[in-house]
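Structure file data05.cif; described as mmCIF, C-alpha atoms.
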data_coords
#
loop_
_atom_site.label_atom_id
_atom_site.label_comp_id
_atom_site.auth_asym_id
_atom_site.auth_seq_id
_atom_site.Cartn_x
_atom_site.Cartn_y
_atom_site.Cartn_z
CA MET A 30 19.71 -14.49 15.36
CA ASN A 31 21.25 -14.12 18.81
CA HIS A 32 18.47 -14.49 21.43
CA PHE A 33 19.89 -11.48 23.32
CA TYR A 34 18.78 -9.15 20.54
CA LYS A 35 15.23 -10.50 20.06
CA PRO A 36 13.58 -8.58 22.94
CA ILE A 37 15.33 -5.37 21.82
CA ILE A 38 14.17 -5.78 18.21
CA LEU A 39 10.63 -6.61 19.36
CA THR A 40 10.52 -3.47 21.50
CA ILE A 41 11.68 -1.33 18.57
CA LEU A 42 9.02 -2.87 16.29
CA LEU A 43 6.27 -2.24 18.83
CA CYS A 44 7.31 1.39 19.09
CA LEU A 45 7.06 1.99 15.34
CA PRO A 46 3.88 3.78 14.26
CA PHE A 47 1.21 1.77 12.47
CA PRO A 48 0.07 3.06 9.06
CA SER A 49 -2.51 5.80 9.46
CA ILE A 50 -4.67 8.27 7.57
CA ASN A 51 -4.61 11.86 8.86
CA GLY A 52 -3.19 10.63 12.14
CA GLN A 53 -5.96 8.04 12.60
CA ALA A 54 -5.00 4.36 12.76
CA LEU A 55 -5.96 2.45 9.62
CA LYS A 56 -8.97 0.17 9.81
CA MET A 57 -8.84 -3.15 8.00
CA ASN A 58 -11.18 -1.93 5.24
CA GLN A 59 -8.82 0.96 4.42
CA VAL A 60 -6.44 -1.44 2.70
CA GLN A 61 -6.51 -2.86 -0.83
CA VAL A 62 -4.89 -6.24 -1.53
CA ILE A 63 -4.28 -8.61 -4.42
CA GLY A 64 -5.70 -12.09 -4.05
CA SER A 65 -5.97 -15.21 -6.18
CA HIS A 66 -9.00 -16.77 -7.89
CA ASN A 67 -9.51 -20.52 -7.28
CA SER A 68 -6.35 -20.36 -5.22
CA TYR A 69 -5.90 -24.14 -4.86
CA LYS A 70 -5.97 -24.95 -8.60
CA ILE A 71 -3.33 -26.89 -10.50
CA GLY A 72 -3.76 -26.56 -14.27
CA ILE A 73 -5.30 -29.25 -16.44
CA GLU A 74 -2.60 -31.33 -18.14
CA LYS A 75 -2.15 -30.48 -21.83
CA PRO A 76 -3.37 -33.78 -23.41
CA LEU A 77 -6.61 -33.54 -21.45
CA MET A 78 -6.96 -29.82 -22.17
CA ASP A 79 -6.61 -30.57 -25.88
CA ILE A 80 -9.44 -33.12 -25.67
CA ILE A 81 -11.67 -30.67 -23.81
CA LEU A 82 -10.96 -27.81 -26.25
CA ALA A 83 -11.69 -30.00 -29.26
CA GLU A 84 -15.23 -30.43 -27.93
CA ARG A 85 -15.68 -27.03 -26.27
CA PRO A 86 -13.30 -24.27 -27.46
CA GLU A 87 -14.78 -21.86 -24.90
CA ALA A 88 -13.21 -24.00 -22.18
CA ILE A 89 -9.97 -22.09 -22.84
CA GLY A 90 -11.00 -20.16 -19.72
CA LEU A 91 -9.93 -23.19 -17.66
CA GLU A 92 -6.33 -22.95 -18.84
CA TYR A 93 -4.59 -21.43 -15.81
CA THR A 94 -2.69 -22.67 -12.79
CA HIS A 95 -1.39 -21.50 -9.40
CA ILE A 96 1.61 -21.95 -7.18
CA SER A 97 0.79 -23.44 -3.77
CA ILE A 98 -1.29 -21.43 -1.32
CA THR A 99 1.60 -21.02 1.10
CA GLN A 100 3.81 -19.78 -1.74
CA GLN A 101 1.11 -17.25 -2.60
CA LEU A 102 1.05 -16.07 1.00
CA ASP A 103 4.85 -15.86 1.02
CA LEU A 104 4.62 -13.70 -2.09
CA GLY A 105 2.28 -11.26 -0.34
CA LEU A 106 -1.20 -12.24 -1.53
CA ARG A 107 -3.83 -11.72 1.18
CA GLY A 108 -6.97 -12.81 -0.65
CA LEU A 109 -7.79 -16.47 -1.36
CA GLU A 110 -10.71 -18.36 -2.88
CA ILE A 111 -11.58 -21.98 -2.10
CA ASP A 112 -14.25 -24.11 -3.78
CA VAL A 113 -15.77 -26.79 -1.54
CA LEU A 114 -17.72 -29.95 -2.40
CA TYR A 115 -19.49 -32.11 0.16
CA ASP A 116 -18.28 -35.69 0.52
CA PRO A 117 -19.60 -37.09 3.83
CA ASP A 118 -18.58 -40.69 3.18
CA GLY A 119 -15.34 -40.09 1.26
CA GLY A 120 -14.29 -41.38 -2.16
CA ARG A 121 -16.90 -39.49 -4.19
CA PHE A 122 -14.22 -37.68 -6.21
CA SER A 123 -11.36 -40.17 -5.94
CA LYS A 124 -11.57 -41.64 -9.47
CA PRO A 125 -11.62 -38.77 -12.00
CA LYS A 126 -13.29 -39.88 -15.23
CA SER A 127 -10.85 -37.95 -17.40
CA ILE A 128 -8.00 -40.23 -16.34
CA ASP A 129 -9.93 -43.10 -17.96
CA MET A 130 -10.56 -40.86 -20.99
CA LEU A 131 -6.81 -40.37 -21.44
CA LYS A 132 -6.09 -44.08 -21.00
CA ALA A 133 -8.71 -44.91 -23.64
CA GLN A 134 -6.67 -42.83 -26.10
CA GLY A 135 -3.41 -44.46 -25.08
CA ILE A 136 -2.23 -41.40 -23.13
CA GLU A 137 -0.64 -41.84 -19.74
CA ALA A 138 -2.10 -39.42 -17.20
CA LYS A 139 0.01 -37.65 -14.63
CA PRO A 140 0.16 -39.44 -11.25
CA TYR A 141 -2.89 -38.83 -9.07
CA ASP A 142 -2.88 -39.62 -5.35
CA ALA A 143 -6.48 -40.24 -4.29
CA LYS A 144 -5.62 -41.16 -0.70
CA LEU A 145 -6.93 -37.91 0.83
CA MET A 146 -9.95 -38.01 -1.47
CA ASN A 147 -11.05 -41.26 0.16
CA ALA A 148 -11.42 -39.65 3.59
CA PRO A 149 -14.82 -38.21 4.60
CA GLY A 150 -15.14 -34.43 4.58
CA PHE A 151 -15.24 -31.46 2.24
CA LYS A 152 -13.10 -31.68 -0.89
CA VAL A 153 -11.46 -28.84 -2.80
CA LEU A 154 -11.38 -28.87 -6.61
CA HIS A 155 -12.75 -26.85 -9.50
CA ILE A 156 -14.76 -29.25 -11.70
CA PRO A 157 -15.08 -32.93 -10.72
CA ASP A 158 -13.59 -35.41 -13.20
CA ILE A 159 -12.20 -32.67 -15.49
CA ASP A 160 -10.46 -29.87 -13.57
CA PHE A 161 -9.67 -31.83 -10.44
CA ARG A 162 -5.98 -31.28 -9.68
CA THR A 163 -5.41 -29.25 -6.56
CA HIS A 164 -2.68 -28.17 -4.15
CA CYS A 165 -4.84 -29.29 -1.20
CA SER A 166 -7.40 -32.02 -1.80
CA THR A 167 -9.45 -31.46 1.34
CA PHE A 168 -10.84 -28.33 2.95
CA LYS A 169 -9.10 -29.16 6.21
CA VAL A 170 -5.72 -29.50 4.49
CA CYS A 171 -6.19 -26.12 2.80
CA LEU A 172 -7.21 -24.50 6.08
CA SER A 173 -4.40 -26.16 8.02
CA ASP A 174 -1.82 -24.89 5.54
CA ILE A 175 -3.18 -21.34 5.91
CA ARG A 176 -3.40 -21.62 9.69
CA ASP A 177 0.17 -22.88 10.02
CA TRP A 178 1.47 -20.12 7.76
CA SER A 179 -0.53 -17.52 9.67
CA ARG A 180 0.78 -18.65 13.05
CA SER A 181 4.34 -18.39 11.83
CA HIS A 182 3.76 -14.89 10.36
CA SER A 183 1.70 -13.40 13.18
CA ALA A 184 1.89 -9.76 12.02
CA HIS A 185 0.52 -10.39 8.52
CA LEU A 186 -2.30 -8.35 7.00
CA PRO A 187 -5.67 -10.08 7.45
CA ILE A 188 -6.15 -12.96 5.03
CA ILE A 189 -9.59 -12.81 3.39
CA ILE A 190 -10.88 -16.17 2.16
CA THR A 191 -14.00 -16.48 0.03
CA ILE A 192 -15.65 -19.90 0.17
CA ASN A 193 -17.58 -21.04 -2.89
CA PRO A 194 -19.89 -24.03 -2.25
CA LYS A 195 -20.32 -26.23 -5.32
CA SER A 196 -23.70 -27.90 -5.65
CA SER A 197 -23.46 -29.25 -9.19
CA GLY A 198 -21.01 -31.01 -11.49
CA LEU A 199 -21.06 -32.32 -15.06
CA ASP A 200 -24.21 -34.33 -15.78
CA ARG A 201 -22.61 -37.10 -17.82
CA PRO A 202 -22.52 -40.89 -17.48
CA GLY A 203 -19.76 -42.03 -15.15
CA PHE A 204 -19.10 -38.55 -13.78
CA ALA A 205 -19.28 -37.87 -10.04
CA GLU A 206 -22.60 -36.64 -8.69
CA VAL A 207 -22.24 -33.52 -6.55
CA ILE A 208 -24.28 -33.30 -3.34
CA PRO A 209 -26.25 -30.04 -3.03
CA PHE A 210 -25.72 -27.85 0.01
CA ASP A 211 -28.45 -27.55 2.64
CA GLU A 212 -28.56 -26.38 6.25
CA LYS A 213 -26.93 -29.58 7.51
CA VAL A 214 -24.08 -29.25 5.00
CA LEU A 215 -23.55 -25.58 5.88
CA ASP A 216 -23.32 -26.53 9.55
CA ALA A 217 -20.71 -29.16 8.68
CA LEU A 218 -18.75 -26.54 6.72
CA ASP A 219 -18.71 -24.17 9.70
CA LYS A 220 -17.61 -27.04 11.90
CA GLU A 221 -14.57 -27.80 9.75
CA ILE A 222 -13.50 -24.13 9.89
CA LEU A 223 -13.78 -24.07 13.68
CA GLU A 224 -11.96 -27.39 14.03
CA VAL A 225 -8.91 -25.84 12.35
CA PHE A 226 -8.98 -22.23 13.54
CA LYS A 227 -9.45 -20.91 17.04
CA THR A 228 -12.04 -18.14 17.26
CA ALA A 229 -9.28 -15.77 18.41
CA GLU A 230 -7.54 -16.36 15.06
CA LEU A 231 -10.56 -15.14 13.10
CA VAL A 232 -12.36 -11.91 12.34
CA THR A 233 -16.01 -12.97 12.70
CA PRO A 234 -19.39 -11.29 12.20
CA SER A 235 -20.02 -11.43 15.95
CA GLN A 236 -16.75 -9.65 16.73
CA VAL A 237 -17.43 -6.89 14.20
CA LYS A 238 -21.06 -6.49 15.30
CA GLY A 239 -20.06 -6.05 18.94
CA LYS A 240 -22.91 -4.44 20.89
CA SER A 241 -24.64 -2.99 17.83
CA LYS A 242 -28.13 -4.21 16.99
CA THR A 243 -27.08 -5.68 13.64
CA LEU A 244 -23.86 -6.30 11.77
CA ARG A 245 -24.87 -3.81 9.10
CA GLN A 246 -25.45 -1.12 11.73
CA ALA A 247 -22.05 -1.81 13.26
CA ILE A 248 -20.40 -1.31 9.87
CA LEU A 249 -22.20 1.98 9.28
CA ASP A 250 -21.69 3.33 12.81
CA LYS A 251 -18.23 2.22 13.91
CA GLY A 252 -16.77 0.31 10.98
CA TRP A 253 -14.30 -2.53 10.87
CA PRO A 254 -11.62 -3.30 13.48
CA ASP A 255 -8.36 -1.37 13.44
CA LEU A 256 -5.81 -2.95 11.14
CA ALA A 257 -3.41 -3.37 14.06
CA MET A 258 -5.99 -5.54 15.85
CA ALA A 259 -6.78 -7.57 12.72
CA ARG A 260 -3.19 -8.45 11.86
CA GLY A 261 -2.45 -12.14 12.06
CA LYS A 262 -6.13 -13.06 11.60
CA VAL A 263 -8.27 -14.67 8.92
CA LEU A 264 -11.72 -13.61 7.66
CA PHE A 265 -14.09 -15.97 5.84
CA VAL A 266 -16.82 -14.99 3.39
CA LEU A 267 -19.50 -17.34 2.06
CA ASP A 268 -19.82 -16.68 -1.69
CA SER A 269 -22.99 -18.47 -2.73
CA GLU A 270 -26.26 -17.90 -4.55
CA LYS A 271 -29.10 -16.02 -2.84
CA GLU A 272 -31.08 -19.07 -1.71
CA LEU A 273 -28.13 -20.70 0.04
CA THR A 274 -27.01 -17.37 1.54
CA GLU A 275 -30.47 -16.86 3.04
CA LEU A 276 -30.34 -20.38 4.45
CA TYR A 277 -26.95 -19.61 6.02
CA GLN A 278 -28.35 -16.48 7.67
CA LYS A 279 -31.60 -18.11 8.79
CA GLY A 280 -31.89 -18.27 12.56
CA ASP A 281 -28.53 -16.55 13.05
CA GLU A 282 -29.78 -13.42 14.79
CA HIS A 283 -26.81 -13.62 17.16
CA TYR A 284 -24.28 -13.80 14.30
CA ALA A 285 -22.73 -16.95 15.71
CA ARG A 286 -21.59 -18.37 12.36
CA PRO A 287 -17.90 -17.88 11.47
CA MET A 288 -18.39 -16.62 7.90
CA PHE A 289 -19.61 -13.30 6.59
CA SER A 290 -22.15 -13.70 3.79
CA ASN A 291 -22.51 -11.98 0.45
CA THR A 292 -25.96 -10.44 0.72
CA ASP A 293 -27.86 -7.30 -0.31
CA PRO A 294 -26.89 -3.89 1.12
CA GLU A 295 -30.03 -3.52 3.26
CA ASN A 296 -29.76 -6.95 4.90
CA PRO A 297 -28.94 -6.92 8.65
CA HIS A 298 -26.00 -9.25 7.82
CA ALA A 299 -24.56 -6.86 5.20
CA ALA A 300 -20.82 -6.27 5.61
CA PHE A 301 -18.91 -7.89 2.73
CA PHE A 302 -19.90 -8.08 -0.94
CA ILE A 303 -18.75 -10.09 -3.97
CA MET A 304 -18.95 -7.78 -7.02
CA ASN A 305 -16.87 -9.38 -9.74
CA ASN A 306 -17.22 -6.90 -12.62
CA PRO A 307 -15.53 -3.61 -11.68
CA VAL A 308 -16.05 -2.18 -15.18
CA LYS A 309 -19.84 -2.40 -14.97
CA GLU A 310 -20.09 -2.04 -11.19
CA GLU A 311 -17.39 0.54 -10.45
CA LYS A 312 -19.76 3.24 -9.19
CA ASP A 313 -21.72 0.79 -7.03
CA ILE A 314 -18.50 -0.59 -5.54
CA VAL A 315 -17.24 2.92 -4.76
CA ASP A 316 -20.54 3.75 -3.06
CA ARG A 317 -20.43 0.65 -0.86
CA VAL A 318 -16.77 1.15 0.02
CA LYS A 319 -17.50 4.73 1.08
CA MET A 320 -20.35 3.47 3.28
CA GLY A 321 -17.84 1.27 5.09
CA PHE A 322 -18.53 -2.09 3.49
CA MET A 323 -15.85 -4.39 2.11
CA VAL A 324 -15.88 -5.74 -1.46
CA ARG A 325 -14.10 -8.40 -3.47
CA THR A 326 -13.82 -7.95 -7.21
CA ARG A 327 -11.80 -9.46 -10.10
CA SER A 328 -9.13 -7.96 -12.35
CA ASP A 329 -9.44 -10.68 -14.99
CA ALA A 330 -11.65 -13.63 -15.84
CA ASP A 331 -11.57 -16.72 -18.05
CA THR A 332 -8.00 -15.87 -19.18
CA ARG A 333 -9.33 -13.15 -21.53
CA GLU A 334 -7.43 -10.14 -20.20
CA ALA A 335 -4.19 -12.07 -19.86
CA ARG A 336 -4.30 -13.19 -23.50
CA THR A 337 -4.83 -9.65 -24.81
CA GLY A 338 -2.82 -7.77 -22.17
CA ASP A 339 -5.88 -5.68 -21.26
CA LYS A 340 -5.57 -4.06 -17.83
CA SER A 341 -8.61 -1.80 -18.03
CA ARG A 342 -10.56 -4.12 -15.74
CA PHE A 343 -7.74 -4.04 -13.19
CA GLU A 344 -7.57 -0.26 -13.40
CA ALA A 345 -11.31 -0.05 -12.74
CA ALA A 346 -10.91 -2.45 -9.81
CA ILE A 347 -8.26 -0.21 -8.26
CA ARG A 348 -10.36 2.93 -8.73
CA SER A 349 -13.39 1.23 -7.21
CA GLY A 350 -11.66 0.82 -3.86
CA ALA A 351 -12.63 -2.85 -3.65
CA GLN A 352 -10.56 -4.20 -0.78
CA VAL A 353 -9.71 -7.50 -2.49
CA ILE A 354 -8.85 -7.76 -6.18
CA THR A 355 -8.47 -11.36 -7.29
CA THR A 356 -6.48 -12.55 -10.28
CA ASP A 357 -5.02 -15.64 -11.88
CA TYR A 358 -1.87 -13.71 -12.84
CA TYR A 359 -0.04 -12.31 -9.81
CA GLN A 360 3.18 -13.49 -11.50
CA LYS A 361 4.20 -13.05 -15.14
CA SER A 362 5.33 -16.66 -15.29
CA LEU A 363 1.69 -17.76 -14.91
CA SER A 364 0.46 -15.63 -17.82
CA PRO A 365 -0.09 -17.03 -21.34
CA ASN A 366 1.74 -14.05 -22.88
CA LYS A 367 4.36 -13.82 -20.07
CA ASP A 368 3.76 -10.08 -19.82
CA PHE A 369 0.43 -9.75 -18.06
CA GLU A 370 0.88 -9.37 -14.30
CA ILE A 371 -1.48 -7.99 -11.65
CA THR A 372 0.37 -6.14 -8.88
CA PHE A 373 0.50 -2.65 -7.38
CA ASP A 374 3.83 -1.76 -9.01
CA GLY A 375 5.38 -5.00 -7.80
CA LYS A 376 3.54 -5.10 -4.45
CA TYR A 377 0.39 -6.89 -3.37
CA SER A 378 -1.09 -4.40 -0.91
CA GLN A 379 -1.61 -0.66 -0.65
CA CYS A 380 -3.75 1.90 1.13
CA ASN A 381 -7.25 2.03 -0.29
CA PRO A 382 -7.44 4.73 -3.01
CA VAL A 383 -11.09 5.54 -2.23
CA LEU A 384 -10.52 5.88 1.50
CA SER A 385 -7.06 7.48 1.40
CA LYS A 386 -5.49 10.32 -0.58
CA SER A 387 -2.36 8.20 -1.01
CA THR A 388 -1.86 4.52 -1.75
CA ALA A 389 1.83 4.67 -0.82
CA CYS A 390 2.06 3.16 2.63
CA HIS A 391 3.99 0.08 3.67
CA LEU A 392 1.61 -2.59 4.89
CA ASN A 393 3.18 -6.06 4.70
#

For this file, write the structure as structure tokens.
Amino acid sequence: MNHFYKPIILTILLCLPFPSINGQALKMNQVQVIGSHNSYKIGIEKPLMDIILAERPEAIGLEYTHISITQQLDLGLRGLEIDVLYDPDGGRFSKPKSIDMLKAQGIEAKPYDAKLMNAPGFKVLHIPDIDFRTHCSTFKVCLSDIRDWSRSHSAHLPIIITINPKSSGLDRPGFAEVIPFDEKVLDALDKEILEVFKTAELVTPSQVKGKSKTLRQAILDKGWPDLAMARGKVLFVLDSEKELTELYQKGDEHYARPMFSNTDPENPHAAFFIMNNPVKEEKDIVDRVKMGFMVRTRSDADTREARTGDKSRFEAAIRSGAQVITTDYYQKSLSPNKDFEITFDGKYSQCNPVLSKSTACHLN
């Protein structure tokens, strides 16, 4: 593009109206987006999957894969999920046992580069030794990929990333032992986030709380930031069990940590909830969305809906108003029946149906 025209085009873009409801600027919770579940995951190779299924047929729920995270962002997805495992010394997950299992049966495994796995720091994979292939082996690599994409697409809708700490693996001889999370590990996790992202690139609990007494009160009184202010930013949510969530919140009266936490609705830290079953929880999700909270839910799980073509769960997720709906099947090519696809009529974002009379507004 000729540099002469860039300032003119920028001026025109800045003069265009932002999406609004009844003349009021949209807030970031008034949007509904499609995201991916276990966004980093590369599928288990077929010979290994066959071995696993012969022992545990229910493991068919592991049979899915993703394109790279940056390709997902290019497509329009604005919700991501990353599993993290603690590896302070490095090398804990660098020799997957299943590669030896394949060799023992005379099967050559796909190439596996363990170089990044040998470095100290948090690792990203689904199940050590079994479901270990990933588009970004370390947490920092995943975050850096997202950060670089975000900086080069500065007007994007907020990217919401749920972080799932893994504290256990498969208890079998020769399999990697997973280190449980504690306060020290949670601090190290926060540190890695803040080493990659500048605070100005994030939507944080402290920013949303502002001068309110608690984060929950801020949500109920003034709500989330305007969408225009949140564009180009990333929001992190800690998705963990109650005990670890309480540990993350402990001593954080000033909301200094970078991640929101999935807690109960009356907790002072309440702002963002993980409610994965929209069929059973639809009414509760609607109620929380109307109160001003944000919710992540799932349109499919364990490959079940994709194999039968059942979209009733997705339809319930849309009706619920959950702001993030995660799926393994944002493209037909990823689906086992090549027909099941989770989009909003070919798009990955829309106005929130619970908070807007119309979902038809251009957001990306």

List the residues matched by the PyMOL selection byres ((chain A and resi 295) around 12) in the displayed structure as a CSV table (one decimal) with C-alpha atoms, in the frame of the given file, ordered by chain and then by residue number.
chain,number,residue,atom,x,y,z
A,243,THR,CA,-27.1,-5.7,13.6
A,244,LEU,CA,-23.9,-6.3,11.8
A,245,ARG,CA,-24.9,-3.8,9.1
A,246,GLN,CA,-25.4,-1.1,11.7
A,248,ILE,CA,-20.4,-1.3,9.9
A,249,LEU,CA,-22.2,2.0,9.3
A,291,ASN,CA,-22.5,-12.0,0.4
A,292,THR,CA,-26.0,-10.4,0.7
A,293,ASP,CA,-27.9,-7.3,-0.3
A,294,PRO,CA,-26.9,-3.9,1.1
A,296,ASN,CA,-29.8,-7.0,4.9
A,297,PRO,CA,-28.9,-6.9,8.6
A,298,HIS,CA,-26.0,-9.2,7.8
A,299,ALA,CA,-24.6,-6.9,5.2
A,300,ALA,CA,-20.8,-6.3,5.6
A,301,PHE,CA,-18.9,-7.9,2.7
A,302,PHE,CA,-19.9,-8.1,-0.9
A,317,ARG,CA,-20.4,0.6,-0.9
A,320,MET,CA,-20.4,3.5,3.3
A,322,PHE,CA,-18.5,-2.1,3.5

For Gln100 of chain A, which of A:Asp250, A:Glu212, A:Asp174, A:Asp158 is the closest residue, counting all atoms listed in the file?
->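 Looking at the shortest contact to Gln100 of chain A, the residue is A:Asp174.
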
Of the candidates A:Ser183, A:Thr167, A:Gln101, A:Thr356, which one gets nearest to Ser123 of chain A if we count all atoms listed in the file?
-> A:Thr167

If you count all atoms listed in the file, which residues fall within 12 Å of Ala229 of chain A, apart from same-chain ones fewer than 5 positions away, as a PyMOL selection string?
-> chain A and resi 180+223+235-236+258-264+287

Can you list, as a list of chain:residue names, every protein, DNA or RNA residue that comes within 10 Å of Ile188 of chain A when you count all atoms listed in the file, leaving out same-chain residues fewer than 2 positions away?
->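 Contacts, with the query itself left out: A:Val62, A:Gly64, A:Leu102, A:Leu106, A:Arg107, A:Gly108, A:Leu109, A:Ile175, A:Ser179, A:His185, A:Leu186, A:Ile190, A:Thr191, A:Leu231, A:Val232, A:Ala259, A:Arg260, A:Gly261, A:Lys262, A:Val263, A:Leu264, A:Phe265, A:Val353.
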
With only C-alpha atoms as the basis for distance, which of A:His155, A:Arg327, A:Lys139, A:Arg342 is at the shortest distance from Ser197 of chain A?
-> A:His155

Residues picked by the PyMOL selection byres ((chain A and resi 369) around 10) here, as an MDAnalysis selection string?
-> chainID A and resid 334:340 358:368 370:372

Selected residue of minimal separation from Lys126 of chain A among A:Asp313, A:Glu206, A:Asp329, A:Glu272, counting all atoms listed in the file |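 Smallest separation from Lys126 of chain A among the options: A:Glu206.
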
Between A:Leu131, A:Cys165, A:Leu104, A:Leu273, which has the minimum distance to Leu215 of chain A (counting only C-alpha atoms)?
->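 Looking at the shortest contact to Leu215 of chain A, the residue is A:Leu273.
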